[in-house]
file model.cif (mmCIF, C-alpha atoms)
data_entry
#
loop_
_atom_site.label_atom_id
_atom_site.label_comp_id
_atom_site.auth_asym_id
_atom_site.auth_seq_id
_atom_site.Cartn_x
_atom_site.Cartn_y
_atom_site.Cartn_z
CA MET A 121 -14.02 18.16 2.06
CA LYS A 122 -10.90 19.63 3.63
CA LEU A 123 -7.64 18.61 1.94
CA MET A 124 -4.21 18.07 3.42
CA HIS A 125 -0.91 17.77 1.59
CA CYS A 126 0.97 14.61 2.54
CA PRO A 127 4.71 15.04 1.88
CA LEU A 128 4.86 11.43 0.59
CA ASN A 129 1.57 11.05 -1.27
CA GLY A 130 0.38 14.53 -2.23
CA TRP A 131 -3.08 16.03 -1.70
CA ARG A 132 -5.55 13.77 0.05
CA ASN A 133 -8.92 14.08 1.79
CA ILE A 134 -8.51 14.95 5.47
CA GLN A 135 -10.34 11.68 6.31
CA GLU A 136 -7.19 9.79 5.31
CA PHE A 137 -5.18 11.40 8.14
CA THR A 138 -4.88 10.86 11.88
CA HIS A 139 -3.79 13.55 14.32
CA GLY A 140 -0.86 12.60 16.56
CA GLY A 141 -0.44 15.47 19.03
CA GLU A 142 2.04 18.31 19.41
CA VAL A 143 5.68 18.06 18.40
CA VAL A 144 7.65 18.55 21.62
CA ALA A 145 11.25 17.82 22.54
CA GLU A 146 11.64 14.61 24.50
CA PRO A 147 13.40 15.02 27.84
CA ASP A 148 16.19 12.53 28.60
CA PRO A 149 14.22 9.65 30.19
CA ASN A 150 17.24 8.62 32.28
CA ARG A 151 17.78 12.03 33.87
CA CYS A 152 14.47 13.92 33.98
CA SER A 153 12.12 13.99 36.96
CA ASP A 154 8.84 12.09 37.00
CA ALA A 155 6.99 15.40 36.73
CA GLU A 156 8.94 16.36 33.59
CA TRP A 157 8.25 12.95 32.04
CA ALA A 158 4.53 13.13 32.91
CA GLU A 159 4.40 16.60 31.34
CA PHE A 160 5.95 15.19 28.15
CA VAL A 161 3.73 12.11 27.95
CA PHE A 162 0.34 13.38 29.06
CA MET A 163 0.06 17.17 28.74
CA GLU A 164 -0.84 19.23 25.66
CA GLU A 165 -0.31 22.97 25.40
CA ASN A 166 -3.52 23.31 23.34
CA LYS A 167 -2.48 26.70 22.04
CA ALA A 168 -4.71 29.07 20.04
CA GLY A 169 -2.64 30.09 17.00
CA MET A 170 0.28 28.51 15.18
CA VAL A 171 0.99 24.94 16.29
CA ARG A 172 3.36 22.23 15.11
CA GLU A 173 1.83 18.74 15.19
CA TRP A 174 2.39 15.11 14.25
CA TRP A 175 0.03 13.79 11.58
CA CYS A 176 -0.17 10.33 10.05
CA HIS A 177 -1.34 9.39 6.56
CA THR A 178 -3.28 6.29 7.59
CA ALA A 179 -3.17 4.49 4.23
CA THR A 180 0.64 4.44 4.30
CA ALA A 181 1.26 4.69 8.08
CA TYR A 182 3.51 7.64 7.21
CA TRP A 183 4.14 10.15 10.04
CA PHE A 184 5.00 13.72 9.19
CA ILE A 185 4.82 17.21 10.69
CA ALA A 186 2.17 19.85 9.98
CA GLU A 187 2.10 23.52 10.94
CA ARG A 188 -1.45 24.65 11.53
CA ASP A 189 -3.20 27.85 12.59
CA THR A 190 -5.84 26.70 15.07
CA VAL A 191 -7.54 30.12 15.12
CA LYS A 192 -8.04 30.37 11.36
CA ASP A 193 -8.32 26.56 11.04
CA GLU A 194 -5.78 26.54 8.22
CA ILE A 195 -2.98 24.10 7.42
CA ILE A 196 0.06 26.26 6.65
CA ARG A 197 2.76 23.72 5.81
CA THR A 198 3.46 19.98 5.97
CA TYR A 199 6.89 18.37 5.76
CA ASP A 200 8.83 15.17 6.39
CA ALA A 201 9.87 14.63 10.01
CA GLY A 202 13.46 14.25 8.74
CA GLU A 203 13.61 18.05 8.44
CA VAL A 204 13.42 18.29 12.24
CA PHE A 205 14.84 14.95 13.41
CA LYS A 206 18.08 14.68 11.46
CA GLU A 207 19.76 12.03 13.57
CA ARG A 208 18.69 8.61 14.70
CA ILE A 209 17.79 8.59 18.39
CA GLU A 210 19.37 5.74 20.33
CA PHE A 211 17.85 4.64 23.60
CA THR A 212 20.28 3.57 26.29
CA ARG A 213 19.52 1.72 29.48
CA PRO A 214 20.04 3.78 32.63
CA GLU A 215 23.19 2.88 34.52
CA PRO A 216 22.46 0.68 37.53
CA PRO A 217 23.02 2.40 40.89
CA LYS A 218 26.51 1.76 42.25
CA GLU A 219 26.74 -0.60 45.16
CA ALA A 220 27.88 1.01 48.40
CA MET B 23 -13.54 -32.70 -14.09
CA THR B 24 -12.14 -29.26 -13.41
CA LEU B 25 -9.94 -28.24 -10.51
CA ALA B 26 -11.70 -26.99 -7.37
CA PRO B 27 -10.04 -24.47 -4.98
CA LYS B 28 -10.30 -26.98 -2.14
CA ASP B 29 -8.07 -29.39 -4.09
CA ARG B 30 -5.11 -27.14 -3.31
CA THR B 31 -3.67 -25.99 0.02
CA ARG B 32 -3.22 -22.43 -1.25
CA ARG B 33 -6.50 -20.77 -2.08
CA SER B 34 -7.57 -17.33 -3.10
CA PHE B 35 -8.94 -15.27 -0.21
CA LEU B 36 -12.01 -14.93 -2.44
CA TYR B 37 -12.44 -18.52 -3.54
CA ARG B 38 -16.05 -18.84 -2.36
CA GLU B 39 -16.99 -15.65 -4.22
CA LEU B 40 -15.21 -16.90 -7.34
CA GLU B 41 -16.95 -20.27 -7.16
CA SER B 42 -20.38 -18.72 -6.82
CA ALA B 43 -19.63 -16.43 -9.78
CA GLY B 44 -19.05 -19.55 -11.89
CA ALA B 45 -15.25 -19.45 -12.17
CA VAL B 46 -13.35 -22.22 -13.97
CA PHE B 47 -10.09 -22.89 -12.10
CA ASP B 48 -6.68 -24.03 -13.17
CA GLU B 49 -3.47 -24.50 -11.24
CA LEU B 50 -1.05 -21.59 -10.97
CA ASN B 51 1.82 -21.42 -8.46
CA GLY B 52 0.28 -24.24 -6.44
CA ALA B 53 -3.06 -22.47 -6.11
CA ALA B 54 -6.33 -22.71 -8.00
CA ALA B 55 -6.64 -19.51 -10.04
CA ALA B 56 -9.90 -18.37 -11.64
CA MET B 57 -8.88 -18.57 -15.30
CA SER B 58 -12.29 -17.86 -16.86
CA TYR B 59 -16.00 -17.70 -16.11
CA GLY B 60 -17.25 -20.17 -18.65
CA ALA B 61 -18.10 -17.66 -21.40
CA ASP B 62 -16.26 -17.96 -24.71
CA ALA B 63 -12.79 -16.46 -24.64
CA GLU B 64 -13.62 -13.68 -27.08
CA ALA B 65 -16.63 -12.46 -25.08
CA GLU B 66 -14.58 -12.48 -21.88
CA ALA B 67 -11.76 -10.54 -23.52
CA ALA B 68 -14.34 -7.99 -24.71
CA GLN B 69 -15.65 -7.76 -21.13
CA ALA B 70 -12.08 -7.11 -19.92
CA ARG B 71 -11.75 -4.27 -22.43
CA SER B 72 -15.04 -2.72 -21.26
CA LEU B 73 -14.99 -3.33 -17.48
CA GLY B 74 -13.66 -6.44 -15.78
CA LEU B 75 -12.64 -7.43 -12.26
CA CYS B 76 -10.01 -10.16 -11.96
CA ASP B 77 -8.65 -11.95 -8.89
CA LEU B 78 -4.84 -12.16 -8.96
CA SER B 79 -4.33 -13.66 -5.50
CA ALA B 80 -2.43 -16.67 -6.92
CA LEU B 81 0.27 -14.48 -8.48
CA PRO B 82 3.63 -13.96 -6.73
CA ARG B 83 4.20 -10.80 -4.69
CA THR B 84 6.29 -9.70 -1.74
CA GLY B 85 7.59 -6.57 -0.06
CA PHE B 86 10.55 -5.20 1.87
CA LYS B 87 10.96 -2.22 4.16
CA GLY B 88 13.55 -0.57 6.40
CA TRP B 89 16.25 2.10 6.14
CA ASN B 90 18.50 -0.28 4.20
CA MET B 91 15.76 -1.66 1.90
CA SER B 92 16.99 0.01 -1.27
CA ALA B 93 20.62 -1.06 -0.90
CA TRP B 94 19.65 -4.65 0.00
CA LEU B 95 17.23 -5.08 -2.91
CA LYS B 96 19.75 -3.56 -5.33
CA ALA B 97 22.28 -6.13 -4.12
CA GLN B 98 19.73 -8.81 -5.21
CA GLY B 99 19.73 -7.31 -8.70
CA ALA B 100 16.68 -5.05 -8.43
CA GLU B 101 16.36 -1.69 -10.14
CA MET B 102 14.30 0.95 -8.44
CA SER B 103 13.20 4.53 -8.87
CA GLU B 104 14.59 6.99 -6.31
CA ALA B 105 11.21 8.75 -6.20
CA SER B 106 8.32 7.26 -4.23
CA ASN B 107 5.01 6.07 -5.73
CA ILE B 108 6.55 4.94 -9.03
CA VAL B 109 6.82 1.44 -10.53
CA THR B 110 10.04 0.26 -12.17
CA PRO B 111 9.60 -2.77 -14.48
CA GLN B 112 12.44 -5.31 -14.26
CA ALA B 113 13.98 -7.29 -17.09
CA ASP B 114 12.47 -10.57 -15.76
CA GLY B 115 8.88 -9.26 -15.80
CA THR B 116 8.70 -8.39 -12.08
CA ARG B 117 7.48 -4.88 -11.25
CA ILE B 118 8.86 -2.98 -8.25
CA ALA B 119 6.66 -0.28 -6.77
CA ARG B 120 8.57 2.11 -4.54
CA LEU B 121 6.02 2.96 -1.84
CA ALA B 122 8.30 5.17 0.27
CA PRO B 123 12.04 5.86 0.60
CA GLY B 124 12.17 2.80 2.89
CA GLU B 125 9.51 0.51 1.39
CA ALA B 126 9.04 -1.43 -1.84
CA LEU B 127 6.37 -3.78 -3.21
CA LEU B 128 7.32 -6.49 -5.72
CA LEU B 129 4.68 -7.86 -8.11
CA GLY B 130 4.97 -10.78 -10.52
CA ASN B 131 3.56 -10.62 -14.04
CA TYR B 132 0.09 -11.88 -15.04
CA ARG B 133 1.48 -15.25 -16.17
CA GLY B 134 2.61 -16.04 -12.65
CA HIS B 135 6.32 -15.30 -13.18
CA GLY B 136 8.49 -13.24 -10.85
CA PRO B 137 11.95 -14.80 -10.51
CA LEU B 138 13.26 -11.78 -8.61
CA ILE B 139 10.50 -12.24 -6.01
CA GLU B 140 11.50 -15.84 -5.35
CA LYS B 141 15.15 -14.87 -5.29
CA ALA B 142 14.69 -12.01 -2.83
CA ASP B 143 12.35 -13.99 -0.58
CA SER B 144 14.76 -16.92 -0.32
CA ALA B 145 17.84 -14.69 0.06
CA TRP B 146 16.31 -12.66 2.88
CA SER B 147 16.91 -13.54 6.52
CA MET B 148 16.62 -11.48 9.67
CA GLN B 149 20.30 -12.10 10.51
CA GLU B 150 21.77 -11.38 7.07
CA ALA B 151 19.71 -8.39 5.90
CA ASP B 152 20.53 -5.62 8.34
CA GLY B 153 18.01 -2.76 8.18
CA CYS B 154 15.77 -4.52 5.65
CA PHE B 155 12.65 -6.41 6.72
CA GLN B 156 10.35 -8.69 4.77
CA VAL B 157 6.70 -7.69 4.29
CA PRO B 158 4.85 -10.92 3.39
CA ARG B 159 2.42 -9.36 0.90
CA ALA B 160 1.27 -12.73 -0.50
CA GLU B 161 -0.10 -13.65 2.93
CA THR B 162 -1.38 -10.21 3.97
CA ASN B 163 -2.68 -8.55 0.80
CA PHE B 164 -5.17 -9.72 -1.77
CA TRP B 165 -4.60 -8.53 -5.31
CA LEU B 166 -7.20 -7.60 -7.90
CA ALA B 167 -6.96 -6.17 -11.39
CA LEU B 168 -9.53 -3.78 -12.83
CA SER B 169 -9.45 -3.42 -16.57
CA GLY B 170 -11.40 -1.63 -19.25
CA SER B 171 -12.38 1.76 -20.55
CA HIS B 172 -14.90 2.33 -17.71
CA VAL B 173 -12.37 1.87 -14.85
CA PRO B 174 -11.62 5.60 -14.32
CA ALA B 175 -15.38 6.31 -14.07
CA LEU B 176 -15.77 3.43 -11.62
CA PHE B 177 -12.91 4.71 -9.44
CA ALA B 178 -14.46 8.19 -9.41
CA LYS B 179 -17.33 6.68 -7.37
CA ILE B 180 -15.21 5.01 -4.70
CA CYS B 181 -11.87 6.84 -4.54
CA ALA B 182 -11.00 10.53 -4.16
CA VAL B 183 -7.74 10.43 -6.14
CA ASP B 184 -7.97 11.43 -9.81
CA LEU B 185 -7.15 8.20 -11.68
CA ARG B 186 -8.09 9.30 -15.19
CA PRO B 187 -5.39 8.20 -17.67
CA GLU B 188 -4.46 11.83 -18.47
CA SER B 189 -3.67 12.63 -14.83
CA PHE B 190 -2.47 9.24 -13.56
CA ALA B 191 0.31 8.05 -15.84
CA THR B 192 1.34 4.45 -16.48
CA HIS B 193 3.47 3.09 -13.59
CA SER B 194 2.01 5.62 -11.13
CA VAL B 195 1.13 4.41 -7.63
CA ALA B 196 -1.55 5.84 -5.34
CA GLN B 197 -1.78 4.75 -1.72
CA THR B 198 -5.17 5.90 -0.62
CA ASN B 199 -8.70 5.04 0.44
CA VAL B 200 -10.89 2.89 -1.82
CA ALA B 201 -14.46 2.22 -0.69
CA ARG B 202 -13.26 3.16 2.83
CA LEU B 203 -10.35 0.70 2.84
CA ASN B 204 -6.66 1.54 2.73
CA ALA B 205 -5.40 0.30 -0.60
CA ILE B 206 -2.55 0.51 -3.10
CA ILE B 207 -3.55 1.34 -6.68
CA ILE B 208 -1.09 0.93 -9.54
CA ARG B 209 -1.70 1.84 -13.17
CA ALA B 210 -0.54 -1.23 -15.05
CA ASP B 211 -1.41 -0.70 -18.72
CA THR B 212 0.96 0.71 -21.27
CA GLY B 213 -1.57 2.14 -23.64
CA GLU B 214 -4.87 1.09 -25.15
CA VAL B 215 -6.99 -0.42 -22.38
CA PRO B 216 -6.81 1.20 -18.91
CA GLN B 217 -5.78 -1.36 -16.33
CA PHE B 218 -5.12 -1.03 -12.61
CA ASP B 219 -3.78 -3.27 -9.86
CA LEU B 220 -5.46 -2.99 -6.49
CA LEU B 221 -4.01 -4.43 -3.27
CA SER B 222 -5.57 -4.29 0.16
CA ASP B 223 -5.83 -6.19 3.43
CA ILE B 224 -7.02 -9.81 3.12
CA ALA B 225 -9.48 -9.42 6.01
CA SER B 226 -11.62 -7.17 3.78
CA ALA B 227 -11.23 -9.12 0.53
CA VAL B 228 -14.84 -10.32 0.30
CA TYR B 229 -16.20 -6.89 1.25
CA LEU B 230 -14.18 -5.09 -1.43
CA TRP B 231 -14.93 -7.72 -4.09
CA ARG B 232 -18.67 -7.26 -3.50
CA ALA B 233 -18.42 -3.47 -3.20
CA LEU B 234 -16.56 -3.30 -6.52
CA LEU B 235 -19.07 -5.55 -8.31
CA ASP B 236 -21.88 -3.39 -6.92
CA ALA B 237 -20.17 -0.19 -8.09
CA MET B 238 -19.40 -1.77 -11.49
CA ALA B 239 -22.98 -2.86 -12.19
CA GLU B 240 -24.07 0.46 -13.73
CA PHE B 241 -21.27 0.20 -16.31
CA GLY B 242 -21.99 -3.46 -17.08
CA GLY B 243 -18.83 -4.62 -15.25
CA LYS B 244 -18.35 -8.32 -14.42
CA PRO B 245 -15.66 -10.68 -13.10
CA VAL B 246 -13.22 -11.83 -15.76
CA GLY B 247 -10.73 -14.69 -15.62
CA LEU B 248 -6.98 -14.44 -15.58
CA ALA B 249 -6.89 -15.75 -19.19
CA ALA B 250 -8.74 -12.63 -20.41
CA LEU B 251 -6.28 -10.41 -18.57
CA GLN B 252 -3.30 -12.29 -20.01
CA GLU B 253 -4.86 -11.74 -23.43
CA LEU B 254 -4.76 -7.96 -22.86
CA ASN B 255 -1.09 -7.89 -21.90
#

call {"tool": "encode", "arguments": {"input": "model.cif", "output": "structure tokens"}}
result
Amino acid sequence: MKLMHCPLNGWRNIQEFTHGGEVVAEPDPNRCSDAEWAEFVFMEENKAGMVREWWCHTATAYWFIAERDTVKDEIIRTYDAGEVFKERIEFTRPEPPKEA
Amino acid sequence: MTLAPKDRTRRSFLYRELESAGAVFDELNGAAAAMSYGADAEAEAAQARSLGLCDLSALPRTGFKGWNMSAWLKAQGAEMSEASNIVTPQADGTRIARLAPGEALLLGNYRGHGPLIEKADSAWSMQEADGCFQVPRAETNFWLALSGSHVPALFAKICAVDLRPESFATHSVAQTNVARLNAIIIRADTGEVPQFDLLSDIASAVYLWRALLDAMAEFGGKPVGLAALQELN
């Protein structure tokens, strides 16, 4: 059984975890083009080598970040998402278009 | 005539299983709790020291989560560890398990007392408690206790975390997989007889009850009543 280190709960069987896709910067939804948003939502880089991904410990619904080498199939490091996302992200409504 | 679970509005999620195992019920917190299984008290206490499975669904419990959980609960008089996965016993008998920086689980004692739980539940409201949300554990989680010297060997069959007393200290919490279900395990004893609390989703209560009894059979494990567990503590 492969093991993964959960930053909250310690070493656990890999079966307890769910993969959540690559960690990528979110474009500003109010300003980016549809193509940029589609790239963010749907596309994966699927790189061979070092990747940074979201993982979830299912038993606690705890999301964290893992750095993995997809060529060697090794988990290099796992850490709390707070190390990357230090500030709360607020979502604002886009301003309505001005009337002519 | 003894009390039947159907005489009360609140019932254990396992009441049919308890009835068919021969439980004798008594009222606790407005619910019918399985206090014993008809054997003499001494034999049942001996069973609890060897390997016993006890339904605690009638006992008080609740939970809170959110970025402001810790500050809000402390304002209600709670004491809590800063580290996650540790239980802090309170002066009134309630135990608070810190599940994460932003989540706590509150458990009453085995006699059905937990004044802090009642206090926090009635003090909480969506409008007043900014950044702290109620997790209604009494309605969403069933609660079992496993007691006896064979418990670590039993857990070795159904759970990958090392729960032997030498590696899983008193007041430790493990949130993991038990018999393929997500569950919270808490070491509850303070010494002689190993004892663990187990909480999981109510939808799987009957499955886990049966799976545990099946796994316990080789060690001679059986259901024990709440009276036997109170005797241990």

call {"tool": "residues_around", "arguments": {"input": "model.cif", "residues": "Met163 of chain A", "least_positions_apart": "4", "cutoff": "10 Å", "atoms": "only C-alpha atoms", "output": "MDAnalysis selection string"}}
result
chainID A and resid 141:142 157:159

call {"tool": "resolve_selection", "arguments": {"input": "model.cif", "expression": "the PyMOL selection byres ((chain B and resi 53-58) around 9)", "output": "number ranges by chain"}}
result
B: 25-34, 37, 40-41, 44-52, 59-63, 66, 76-81, 245-250

call {"tool": "closest_residue", "arguments": {"input": "model.cif", "among": "B:Ser92, B:Thr212, B:Thr198, B:Asn204", "to": "Cys154 of chain B", "atoms": "all atoms listed in the file"}}
result
B:Ser92

call {"tool": "closest_residue", "arguments": {"input": "model.cif", "among": "A:Cys126, A:Ala179, A:Val143, A:Ile134", "to": "chain B", "atoms": "all atoms listed in the file"}}
result
A:Ala179

call {"tool": "interface_residues", "arguments": {"input": "model.cif", "of": "chain B", "to": "chain A", "cutoff": "10 Å", "atoms": "only C-alpha atoms", "output": "list in words"}}
result
Ala105, Ser106, Asn107, Leu121, Ala122, Pro123, Ala182, Val183, Val195, Ala196, Gln197, Thr198, Asn199, Val200, Arg202, Leu203, Asn204, Ala205, Ile206 and Ser222 of chain B

call {"tool": "atom_distance", "arguments": {"input": "model.cif", "atom1": "atom CA of Leu129 of chain B", "atom2": "atom CA of Leu75 of chain B"}}
result
17.8 Å

call {"tool": "residues_near_point", "arguments": {"input": "model.cif", "point": "(14.1, 11.2, 26.3)", "cutoff": "12 Å", "atoms": "only C-alpha atoms", "output": "ChimeraX atom specification"}}
result
/A:144-154,156-158,160-161,209-214

call {"tool": "resolve_selection", "arguments": {"input": "model.cif", "expression": "the PyMOL selection byres ((chain A and resi 193) around 12)", "output": "number ranges by chain"}}
result
A: 122, 168-171, 187-192, 194-196

call {"tool": "atom_distance", "arguments": {"input": "model.cif", "atom1": "atom CA of Leu251 of chain B", "atom2": "atom CA of Ser171 of chain B"}}
result
13.8 Å

call {"tool": "atom_distance", "arguments": {"input": "model.cif", "atom1": "atom CA of Ala151 of chain B", "atom2": "atom CA of Met91 of chain B"}}
result
8.8 Å
